[in-house]
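Asker: Supplied structure: data_30.csv, CSV, C-alpha atoms.
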```csv
chain,number,residue,atom,x,y,z
J,899,MET,CA,13.8,12.2,42.3
J,900,GLY,CA,14.8,15.5,40.8
J,901,ASP,CA,12.7,17.6,38.4
J,902,ARG,CA,13.1,16.6,34.7
J,903,GLY,CA,13.8,20.3,33.9
J,904,THR,CA,17.0,20.4,36.1
J,905,GLY,CA,20.4,18.9,35.5
J,906,SER,CA,24.1,19.7,35.2
J,907,GLU,CA,25.5,22.3,32.9
J,908,GLY,CA,26.7,19.5,30.6
J,909,GLU,CA,23.2,18.0,30.4
J,910,ARG,CA,21.6,21.4,29.8
J,911,GLY,CA,24.1,22.3,27.2
J,912,ALA,CA,23.7,19.1,25.2
J,913,GLN,CA,22.1,19.6,21.9
J,914,PRO,CA,20.0,17.1,19.9
J,915,GLN,CA,21.7,15.5,17.0
J,916,PRO,CA,20.7,17.1,13.7
J,917,GLN,CA,18.8,14.9,11.3
J,918,LYS,CA,20.6,13.8,8.2
J,919,PRO,CA,19.5,15.6,5.1
J,920,THR,CA,17.2,13.6,2.8
J,921,MET,CA,16.5,13.5,-0.9
J,922,SER,CA,13.4,15.5,-0.2
J,923,ASP,CA,15.5,18.3,1.3
J,924,VAL,CA,17.7,18.3,-1.8
J,925,ALA,CA,14.6,18.6,-4.0
J,926,LYS,CA,13.1,21.5,-1.9
J,927,ALA,CA,16.4,23.4,-1.7
J,928,ALA,CA,17.1,23.0,-5.5
J,929,GLY,CA,13.5,23.9,-6.4
J,930,VAL,CA,13.0,20.7,-8.5
J,931,SER,CA,10.8,17.6,-8.3
J,932,LEU,CA,11.8,14.5,-6.3
J,933,SER,CA,11.8,12.4,-9.4
J,934,SER,CA,14.4,14.8,-11.0
J,935,VAL,CA,16.6,14.3,-7.9
J,936,SER,CA,16.2,10.6,-8.3
J,937,ARG,CA,17.2,10.7,-11.9
J,938,VAL,CA,20.3,12.7,-11.1
J,939,PHE,CA,21.5,10.2,-8.5
J,940,LEU,CA,20.5,7.2,-10.7
J,941,GLY,CA,22.8,8.7,-13.4
J,942,GLN,CA,20.0,9.0,-16.0
J,943,LYS,CA,20.0,11.4,-18.9
J,944,LYS,CA,16.5,12.7,-18.7
J,945,VAL,CA,17.6,15.7,-16.8
J,946,SER,CA,19.2,18.9,-18.1
J,947,GLN,CA,22.8,19.7,-17.3
J,948,ALA,CA,21.7,22.8,-15.5
J,949,THR,CA,19.4,20.8,-13.2
J,950,ARG,CA,22.0,18.1,-12.7
J,951,ARG,CA,24.6,20.7,-11.6
J,952,LYS,CA,22.1,22.4,-9.3
J,953,VAL,CA,21.1,19.2,-7.6
J,954,LEU,CA,24.7,18.0,-7.1
J,955,ALA,CA,25.7,21.5,-5.8
J,956,VAL,CA,22.8,21.6,-3.3
J,957,ALA,CA,23.5,18.0,-2.2
J,958,GLU,CA,27.1,18.9,-1.4
J,959,ASP,CA,26.1,22.1,0.3
J,960,ILE,CA,23.6,20.5,2.7
J,961,GLY,CA,25.7,17.3,3.2
J,962,TYR,CA,23.4,14.8,1.5
J,963,VAL,CA,25.0,11.5,0.7
J,964,PRO,CA,23.0,9.2,-1.7
J,965,ASN,CA,22.8,5.4,-1.4
J,966,PRO,CA,24.3,5.0,2.1
J,967,PHE,CA,24.9,1.2,1.5
J,968,GLY,CA,26.3,1.7,-2.0
J,969,HIS,CA,30.0,1.6,-1.0
J,970,ARG,CA,29.6,-1.5,1.1
J,971,ARG,CA,28.9,-3.9,-1.8
J,972,GLY,CA,30.6,-3.3,-5.1
J,973,GLN,CA,29.0,-6.1,-7.2
J,974,LYS,CA,25.3,-6.7,-7.8
J,975,ASP,CA,23.9,-9.5,-5.7
J,976,ASP,CA,22.3,-11.8,-8.3
J,977,ARG,CA,20.2,-13.7,-5.7
J,978,THR,CA,18.8,-10.9,-3.6
J,979,ILE,CA,15.6,-8.9,-4.3
J,980,GLY,CA,14.7,-5.7,-2.5
J,981,LEU,CA,11.3,-5.5,-1.0
J,982,LEU,CA,9.6,-2.3,0.1
J,983,LEU,CA,6.6,-3.2,2.3
J,984,ARG,CA,3.9,-1.2,3.9
J,985,ASP,CA,3.0,-1.5,7.6
J,986,ALA,CA,4.0,-5.1,8.4
J,987,ASP,CA,1.8,-4.8,11.5
J,988,ASN,CA,-1.2,-4.8,9.2
J,989,PRO,CA,-2.2,-8.5,8.9
J,990,ALA,CA,-2.7,-8.2,5.1
J,991,TYR,CA,0.8,-7.0,4.6
J,992,GLY,CA,2.2,-9.3,7.3
J,993,ALA,CA,0.8,-12.3,5.6
J,994,LEU,CA,2.2,-11.1,2.3
J,995,PHE,CA,5.7,-10.6,3.9
J,996,SER,CA,5.7,-14.2,5.3
J,997,SER,CA,4.6,-15.7,2.0
J,998,LEU,CA,7.1,-13.8,-0.1
J,999,HIS,CA,10.0,-14.8,2.2
J,1000,HIS,CA,8.8,-18.4,2.2
J,1001,VAL,CA,8.6,-18.6,-1.6
J,1002,ALA,CA,11.9,-16.7,-2.1
J,1003,GLN,CA,13.7,-19.1,0.3
J,1004,LYS,CA,12.2,-22.1,-1.4
J,1005,ARG,CA,13.6,-20.9,-4.8
J,1006,GLY,CA,17.1,-20.0,-3.4
J,1007,TRP,CA,16.6,-16.3,-3.3
J,1008,GLU,CA,16.8,-13.8,-0.5
J,1009,LEU,CA,14.7,-10.7,0.2
J,1010,ALA,CA,16.2,-7.5,1.6
J,1011,THR,CA,13.2,-5.8,3.2
J,1012,MET,CA,12.4,-2.2,4.3
J,1013,THR,CA,9.0,-1.1,5.7
J,1014,VAL,CA,7.0,2.1,5.8
J,1015,ASN,CA,4.2,2.9,8.2
J,1016,THR,CA,0.6,3.7,7.1
J,1017,GLY,CA,0.2,7.2,5.8
J,1018,LYS,CA,1.2,9.2,2.7
J,1019,GLN,CA,5.0,9.1,2.6
J,1020,ASP,CA,6.1,9.2,-1.0
J,1021,ASP,CA,9.4,11.0,-0.3
J,1022,TYR,CA,10.4,8.5,2.4
J,1023,GLN,CA,9.5,5.6,0.2
J,1024,VAL,CA,11.6,6.9,-2.6
J,1025,GLU,CA,14.5,7.3,-0.1
J,1026,LEU,CA,14.1,3.7,0.9
J,1027,LEU,CA,14.1,2.5,-2.7
J,1028,HIS,CA,17.4,4.3,-3.2
J,1029,GLN,CA,18.8,2.6,-0.2
J,1030,LEU,CA,17.7,-0.8,-1.5
J,1031,LEU,CA,19.2,0.0,-4.9
J,1032,GLY,CA,22.4,1.0,-3.1
J,1033,MET,CA,22.5,-2.6,-1.7
J,1034,LYS,CA,23.0,-3.8,-5.3
J,1035,VAL,CA,19.9,-5.9,-5.3
J,1036,ALA,CA,19.0,-7.7,-8.5
J,1037,GLY,CA,15.4,-6.4,-8.6
J,1038,LEU,CA,12.8,-4.5,-6.6
J,1039,ILE,CA,9.3,-5.5,-5.4
J,1040,VAL,CA,7.1,-2.6,-4.2
J,1041,ALA,CA,4.2,-3.5,-1.9
J,1042,THR,CA,3.0,-0.2,-0.4
J,1043,GLY,CA,-0.3,0.4,-2.0
J,1044,ASP,CA,0.1,4.1,-2.6
J,1045,LEU,CA,3.3,5.0,-4.4
J,1046,PRO,CA,2.5,6.4,-7.9
J,1047,SER,CA,4.1,4.9,-11.0
J,1048,SER,CA,5.8,8.2,-11.8
J,1049,ALA,CA,7.9,7.8,-8.6
J,1050,LEU,CA,9.0,4.3,-9.8
J,1051,GLU,CA,9.9,5.3,-13.4
J,1052,PRO,CA,13.3,6.7,-12.6
J,1053,PHE,CA,14.4,3.3,-11.2
J,1054,MET,CA,13.2,1.2,-14.1
J,1055,LEU,CA,16.3,1.7,-16.3
J,1056,ARG,CA,18.6,0.6,-13.5
J,1057,VAL,CA,16.9,-2.4,-12.1
J,1058,PRO,CA,13.8,-4.6,-12.7
J,1059,ILE,CA,10.8,-3.4,-10.7
J,1060,LEU,CA,7.5,-5.2,-10.0
J,1061,ARG,CA,4.6,-3.7,-8.1
J,1062,ILE,CA,2.6,-6.2,-6.0
J,1063,CYS,CA,-1.0,-6.1,-4.6
J,1064,THR,CA,-1.7,-2.7,-6.2
J,1065,PRO,CA,-3.5,-2.3,-9.5
J,1066,GLU,CA,-1.4,-0.7,-12.2
J,1067,PRO,CA,-3.9,1.2,-14.3
J,1068,ASP,CA,-1.3,3.0,-16.5
J,1069,ARG,CA,0.6,-0.2,-17.2
J,1070,LEU,CA,3.9,1.6,-16.8
J,1071,VAL,CA,5.3,-0.9,-14.3
J,1072,HIS,CA,5.2,-4.7,-14.1
J,1073,ALA,CA,2.4,-5.7,-11.6
J,1074,VAL,CA,0.9,-8.7,-9.9
J,1075,SER,CA,-2.1,-7.6,-7.9
J,1076,TYR,CA,-5.2,-8.8,-6.1
J,1077,ASP,CA,-8.3,-8.3,-8.1
J,1078,SER,CA,-9.7,-5.4,-6.0
J,1079,ALA,CA,-12.4,-4.6,-8.6
J,1080,ALA,CA,-13.8,-8.2,-8.5
J,1081,ALA,CA,-13.7,-8.1,-4.7
J,1082,GLY,CA,-15.8,-4.9,-4.5
J,1083,ALA,CA,-18.3,-6.1,-7.1
J,1084,GLU,CA,-18.8,-9.5,-5.5
J,1085,LEU,CA,-19.3,-8.0,-2.0
J,1086,ALA,CA,-21.8,-5.5,-3.4
J,1087,ARG,CA,-23.7,-8.2,-5.1
J,1088,LEU,CA,-23.8,-10.2,-1.8
J,1089,VAL,CA,-25.2,-7.1,0.0
J,1090,LEU,CA,-27.8,-6.5,-2.7
J,1091,GLU,CA,-28.8,-10.2,-2.7
J,1092,ALA,CA,-29.3,-9.9,1.1
J,1093,GLY,CA,-32.0,-7.3,0.3
J,1094,HIS,CA,-30.2,-4.1,1.4
J,1095,THR,CA,-31.0,-0.9,-0.3
J,1096,ARG,CA,-29.7,1.7,2.2
J,1097,ILE,CA,-26.0,1.2,1.7
J,1098,ALA,CA,-23.0,3.2,2.8
J,1099,VAL,CA,-19.6,2.6,1.2
J,1100,VAL,CA,-16.4,3.7,2.9
J,1101,ARG,CA,-13.8,4.6,0.2
J,1102,THR,CA,-10.2,5.2,1.1
J,1103,CYS,CA,-8.7,8.0,-1.1
J,1104,SER,CA,-6.6,6.6,-4.0
J,1105,ASP,CA,-3.4,8.3,-2.9
J,1106,ILE,CA,-3.6,6.5,0.5
J,1107,SER,CA,-4.5,3.0,-0.8
J,1108,LEU,CA,-5.2,2.4,-4.5
J,1109,PRO,CA,-6.4,-1.2,-3.8
J,1110,GLU,CA,-9.0,0.0,-1.2
J,1111,TRP,CA,-10.1,2.8,-3.5
J,1112,THR,CA,-10.5,0.4,-6.4
J,1113,ASN,CA,-12.4,-2.1,-4.2
J,1114,ALA,CA,-14.9,0.6,-3.0
J,1115,THR,CA,-15.3,2.2,-6.4
J,1116,SER,CA,-16.2,-1.1,-8.0
J,1117,ALA,CA,-18.7,-1.7,-5.2
J,1118,ILE,CA,-20.3,1.7,-5.9
J,1119,GLY,CA,-20.5,0.9,-9.6
J,1120,THR,CA,-22.2,-2.4,-8.9
J,1121,ILE,CA,-24.8,-0.8,-6.6
J,1122,ARG,CA,-25.5,1.9,-9.1
J,1123,GLU,CA,-26.1,-0.7,-11.8
J,1124,ALA,CA,-28.8,-2.1,-9.5
J,1125,GLY,CA,-30.5,1.3,-9.7
J,1126,LEU,CA,-29.5,2.4,-6.2
J,1127,GLU,CA,-27.4,5.3,-5.0
J,1128,PRO,CA,-25.1,4.5,-2.0
J,1129,PHE,CA,-23.9,6.9,0.6
J,1130,ILE,CA,-20.2,7.4,-0.3
J,1131,VAL,CA,-17.8,8.2,2.6
J,1132,ASP,CA,-14.4,9.2,1.3
J,1133,VAL,CA,-11.7,8.8,4.0
J,1134,ARG,CA,-8.0,9.2,4.3
J,1135,ASN,CA,-6.5,7.8,7.5
J,1136,ASP,CA,-9.6,8.5,9.5
J,1137,ALA,CA,-12.4,6.0,9.8
J,1138,GLY,CA,-15.3,8.2,8.7
J,1139,ALA,CA,-17.1,7.4,12.0
J,1140,ASP,CA,-18.4,11.0,12.5
J,1141,TYR,CA,-20.4,10.7,9.3
J,1142,ILE,CA,-21.4,7.0,9.4
J,1143,LEU,CA,-22.6,6.7,12.9
J,1144,PRO,CA,-25.4,9.3,12.6
J,1145,LEU,CA,-26.5,7.7,9.3
J,1146,VAL,CA,-26.9,4.4,11.1
J,1147,GLN,CA,-28.5,5.8,14.2
J,1148,SER,CA,-31.1,7.6,12.1
J,1149,GLY,CA,-32.0,4.5,10.1
J,1150,ALA,CA,-30.7,6.0,6.8
J,1151,VAL,CA,-28.2,3.1,6.4
J,1152,SER,CA,-28.7,-0.6,7.0
J,1153,VAL,CA,-25.2,-1.8,5.9
J,1154,VAL,CA,-21.7,-0.3,5.9
J,1155,MET,CA,-19.3,-1.7,3.4
J,1156,CYS,CA,-15.6,-1.3,4.4
J,1157,PRO,CA,-12.6,-1.7,2.1
J,1158,SER,CA,-10.6,-3.7,4.7
J,1159,ASP,CA,-11.3,-6.0,7.6
J,1160,ARG,CA,-9.5,-3.7,10.0
J,1161,ARG,CA,-12.0,-1.0,9.2
J,1162,GLN,CA,-14.8,-3.5,9.5
J,1163,VAL,CA,-13.8,-4.5,13.0
J,1164,GLY,CA,-13.3,-0.9,13.9
J,1165,PHE,CA,-16.9,-0.1,12.9
J,1166,ILE,CA,-18.3,-3.2,14.7
J,1167,GLU,CA,-16.6,-1.9,17.9
J,1168,LEU,CA,-17.9,1.6,17.3
J,1169,PHE,CA,-21.5,0.4,16.8
J,1170,GLU,CA,-21.5,-1.9,19.8
J,1171,LYS,CA,-20.1,0.9,22.1
J,1172,SER,CA,-22.9,3.1,20.8
J,1173,GLY,CA,-25.6,0.5,21.8
J,1174,LEU,CA,-26.1,-0.9,18.3
J,1175,SER,CA,-26.0,-4.6,17.5
J,1176,VAL,CA,-24.3,-6.2,14.5
J,1177,PRO,CA,-26.0,-7.4,12.4
J,1178,GLY,CA,-29.3,-6.8,14.3
J,1179,ASP,CA,-29.3,-3.0,13.9
J,1180,VAL,CA,-26.7,-2.6,11.1
J,1181,SER,CA,-24.7,-5.0,8.9
J,1182,VAL,CA,-21.0,-4.6,8.1
J,1183,THR,CA,-18.7,-6.0,5.4
J,1184,GLY,CA,-15.0,-5.8,4.9
J,1185,CYS,CA,-12.2,-7.2,2.7
J,1186,ASP,CA,-9.0,-9.2,2.9
J,1187,GLY,CA,-10.0,-12.1,5.1
J,1188,LEU,CA,-6.6,-12.1,6.8
J,1189,LEU,CA,-7.4,-10.9,10.4
J,1190,PRO,CA,-6.6,-13.5,13.0
J,1191,GLY,CA,-9.9,-14.9,14.3
J,1192,SER,CA,-11.9,-13.5,11.4
J,1193,GLU,CA,-13.8,-16.8,10.9
J,1194,VAL,CA,-14.5,-17.0,14.6
J,1195,MET,CA,-15.9,-13.4,14.5
J,1196,GLY,CA,-18.0,-14.3,11.5
J,1197,LEU,CA,-16.7,-11.4,9.4
J,1198,THR,CA,-18.3,-11.0,6.0
J,1199,THR,CA,-15.3,-10.5,3.7
J,1200,TYR,CA,-13.4,-11.3,0.6
J,1201,ARG,CA,-10.2,-13.3,1.2
J,1202,TRP,CA,-7.1,-12.3,-0.7
J,1203,PRO,CA,-5.1,-15.2,-2.3
J,1204,VAL,CA,-1.8,-14.2,-0.6
J,1205,GLU,CA,0.1,-17.4,-1.4
J,1206,ARG,CA,-0.9,-17.4,-5.1
J,1207,VAL,CA,0.1,-13.7,-5.4
J,1208,ALA,CA,3.4,-14.3,-3.7
J,1209,GLU,CA,4.2,-17.3,-5.9
J,1210,THR,CA,3.2,-15.4,-9.1
J,1211,ALA,CA,5.1,-12.3,-8.1
J,1212,LEU,CA,8.4,-14.1,-7.4
J,1213,SER,CA,8.1,-16.1,-10.6
J,1214,GLN,CA,7.6,-12.9,-12.6
J,1215,ILE,CA,10.3,-10.8,-11.0
J,1216,ILE,CA,12.8,-13.7,-11.4
J,1217,ASP,CA,11.9,-13.9,-15.1
J,1218,ILE,CA,12.1,-10.2,-15.5
J,1219,ILE,CA,15.5,-10.1,-13.8
J,1220,GLY,CA,16.7,-12.9,-16.2
J,1221,ARG,CA,15.8,-10.9,-19.3
J,1222,PHE,CA,16.8,-7.5,-18.0
J,1223,GLY,CA,19.1,-5.7,-20.4
J,1224,THR,CA,18.2,-8.0,-23.4
J,1225,PRO,CA,15.9,-7.3,-26.3
J,1226,ASN,CA,13.1,-9.2,-24.5
J,1227,ASN,CA,13.2,-6.6,-21.8
J,1228,ARG,CA,11.3,-4.3,-24.1
J,1229,LEU,CA,8.2,-6.5,-24.0
J,1230,SER,CA,5.0,-4.8,-22.6
J,1231,PRO,CA,4.9,-4.7,-18.8
J,1232,VAL,CA,3.4,-7.7,-17.1
J,1233,SER,CA,-0.1,-7.1,-15.7
J,1234,ILE,CA,-1.7,-9.9,-13.7
J,1235,THR,CA,-4.7,-9.8,-11.4
J,1236,ILE,CA,-5.6,-12.7,-9.2
J,1237,GLY,CA,-9.1,-13.1,-7.7
J,1238,GLY,CA,-9.8,-14.4,-4.2
J,1239,GLU,CA,-12.7,-16.0,-2.3
J,1240,LEU,CA,-16.0,-14.5,-1.1
J,1241,ILE,CA,-16.6,-15.3,2.6
J,1242,PRO,CA,-20.2,-14.8,3.7
J,1243,GLY,CA,-20.3,-14.3,7.4
J,1244,ARG,CA,-22.6,-13.4,10.4
J,1245,THR,CA,-22.0,-9.6,10.1
J,1246,LEU,CA,-24.3,-9.4,7.1
J,1247,ALA,CA,-28.1,-9.8,7.8
J,1248,GLN,CA,-30.8,-10.7,5.4
J,1249,VAL,CA,-33.3,-7.8,5.1
J,1250,ALA,CA,-36.8,-8.5,3.9
J,1251,GLY,CA,-38.9,-6.0,2.0
J,1252,GLU,CA,-36.8,-2.9,2.1
```
Can you turn what I pasted into structure tokens?
Answerer:
Amino acid sequence: MGDRGTGSEGERGAQPQPQKPTMSDVAKAAGVSLSSVSRVFLGQKKVSQATRRKVLAVAEDIGYVPNPFGHRRGQKDDRTIGLLLRDADNPAYGALFSSLHHVAQKRGWELATMTVNTGKQDDYQVELLHQLLGMKVAGLIVATGDLPSSALEPFMLRVPILRICTPEPDRLVHAVSYDSAAAGAELARLVLEAGHTRIAVVRTCSDISLPEWTNATSAIGTIREAGLEPFIVDVRNDAGADYILPLVQSGAVSVVMCPSDRRQVGFIELFEKSGLSVPGDVSVTGCDGLLPGSEVMGLTTYRWPVERVAETALSQIIDIIGRFGTPNNRLSPVSITIGGELIPGRTLAQVAGE
């Protein structure tokens, strides 16, 4: 076979197709925020005429076309809800996806779904919300765990929005979420009751996953209330292994609390590869209870009530859609948290006389 670097003149002369401009490109070229660009294309008045003219001129200049699906469907689809979902490969989000679709179908609704991979991608998520809006959906459900409320505000005058699974501390957006704070507190109490005093808590940064950050922060608070100071390992998309492993090997830590079961399994694998037994040498806890085989593995975790959250979220968004544009739409945003179930497992050992 020939070398990959050789070929005909036509092959060598072929150029890669240029990427289509995005809303982020418009914001950067116009020197304005992404939310300002969103407001312009949503037709909202909270933008000065000067900014509006600049954004539209830049969009035309670079060839950006908003709402690529908008011309395909002229009328709002009164029985379709847009769903923006994070990382469907993650069992926690995969289970949520299945439950939401099941509940929607049972109630005679459809979900138009778009997904984003793990990682901080606010600009891309906003782009996808615009695409869903262009499909003339009756409402939007956002299940990504990291998109700030400020990015959702520009859409709220155009369509009902409900955030799911993620706490909404500012109460700006309707929200139905897992009780991440209760999960962290209950897991911490379980660890303390097992006799552990040398505790490490892995905390995902809030801009990566607010539920995981809330879970870990609540656990830290509960441990401190017991008069102990945990080792806090703040992480983004990394696992924190370079910091945690030496702590465990030196004996400074007897238990590692993880904000998700994927992270818990990752640490179990790391420890076993390093010649450490779980829970003989170190205990590990996680959260979500949704990994396939988690009960067989004996994971110590807190199981999210996926079906209850899906049922509640669909009931709420359908109700919000029904009163959108009426005086009742001005009621305070819905804020519902739903607790799950603590699952004691074999990965947490009892420690005597620490």
Asker: Which residues of stretch 941-1051 of chain J have any atom within 7 Å of an atom in stretch 922-927 of chain J when counting all atoms listed in the file, and what is the closest pair of atoms for each, with the distance in Å to one decimal? Order the rows by chain and rising number and write it as JSON lines.
Answerer:
```
{"residue": "J:Val953", "atom": "CA", "partner": "J:Val924", "partner_atom": "CA", "distance": 6.8}
{"residue": "J:Val956", "atom": "CA", "partner": "J:Val924", "partner_atom": "CA", "distance": 6.3}
{"residue": "J:Ala957", "atom": "CA", "partner": "J:Val924", "partner_atom": "CA", "distance": 5.8}
{"residue": "J:Asp1021", "atom": "CA", "partner": "J:Ser922", "partner_atom": "CA", "distance": 6.0}
```
Asker: Using all atoms listed in the file, can you tell me which of J:Pro1065, J:Gly1032, J:Gly1006, J:Pro1058 comes closest to J:Ser1233?
Answerer: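 Closest residue, counting all atoms listed in the file: J:Pro1065.
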Asker: Quick one: distance from atom CA of J:Pro1177 to atom CA of J:Leu1189 in Å, one decimal?
Answerer: 19.0 Å
Asker: Have a look at J:Ser1192, J:Thr1102, J:Glu1209, J:Ala1137 and name the one nearest to J:Ser996; count only C-alpha atoms.
Answerer: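 Closest residue, counting only C-alpha atoms: J:Glu1209.
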Asker: Tell me, as a ChimeraX atom specification, which residues lie within 12 Å of J:Asp1068, counting only C-alpha atoms; anything in the same chain fewer than 5 positions away does not count.
Answerer: /J:1046-1048,1051,1073,1230-1233
Asker: Could you list, as a compact mmCIF listing (two decimals) with C-alpha atoms, keeping the file's coordinate frame, every residue within 7 Å of stretch 1155-1171 of chain J, counting all atoms listed in the file and ignoring same-chain residues fewer than 4 positions away?
Answerer:
```txt
# COMPACT_ATOMS: atom_id res chain seq x y z
CA ALA J 1098 -23.00 3.20 2.80
CA VAL J 1099 -19.60 2.60 1.20
CA VAL J 1100 -16.40 3.70 2.90
CA ARG J 1101 -13.80 4.60 0.20
CA GLU J 1110 -9.00 0.00 -1.20
CA ASN J 1113 -12.40 -2.10 -4.20
CA ALA J 1114 -14.90 0.60 -3.00
CA SER J 1175 -26.00 -4.60 17.50
CA VAL J 1176 -24.30 -6.20 14.50
CA VAL J 1182 -21.00 -4.60 8.10
CA THR J 1183 -18.70 -6.00 5.40
CA GLY J 1184 -15.00 -5.80 4.90
CA CYS J 1185 -12.20 -7.20 2.70
CA ASP J 1186 -9.00 -9.20 2.90
CA GLY J 1187 -10.00 -12.10 5.10
CA LEU J 1189 -7.40 -10.90 10.40
```
Asker: I need the residue nearest J:Ala1041 from this list: J:Ser1107, J:Ser1181, J:Ser934, J:Thr1095. Use all atoms listed in the file for the distance.
Answerer: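 Nearest to J:Ala1041: J:Ser1107.
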Asker: What does the structure give for the distance between atom CA of J:Val1146 and atom CA of J:Val1180, in Å to one decimal?
Answerer: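 Atom CA of J:Val1180 lies 7.0 Å from atom CA of J:Val1146.
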Asker: In Å to one decimal, how far is atom CA of J:Val935 from atom CA of J:Ala955?
Answerer: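 Going from atom CA of J:Ala955 over to atom CA of J:Val935, I get 11.8 Å.
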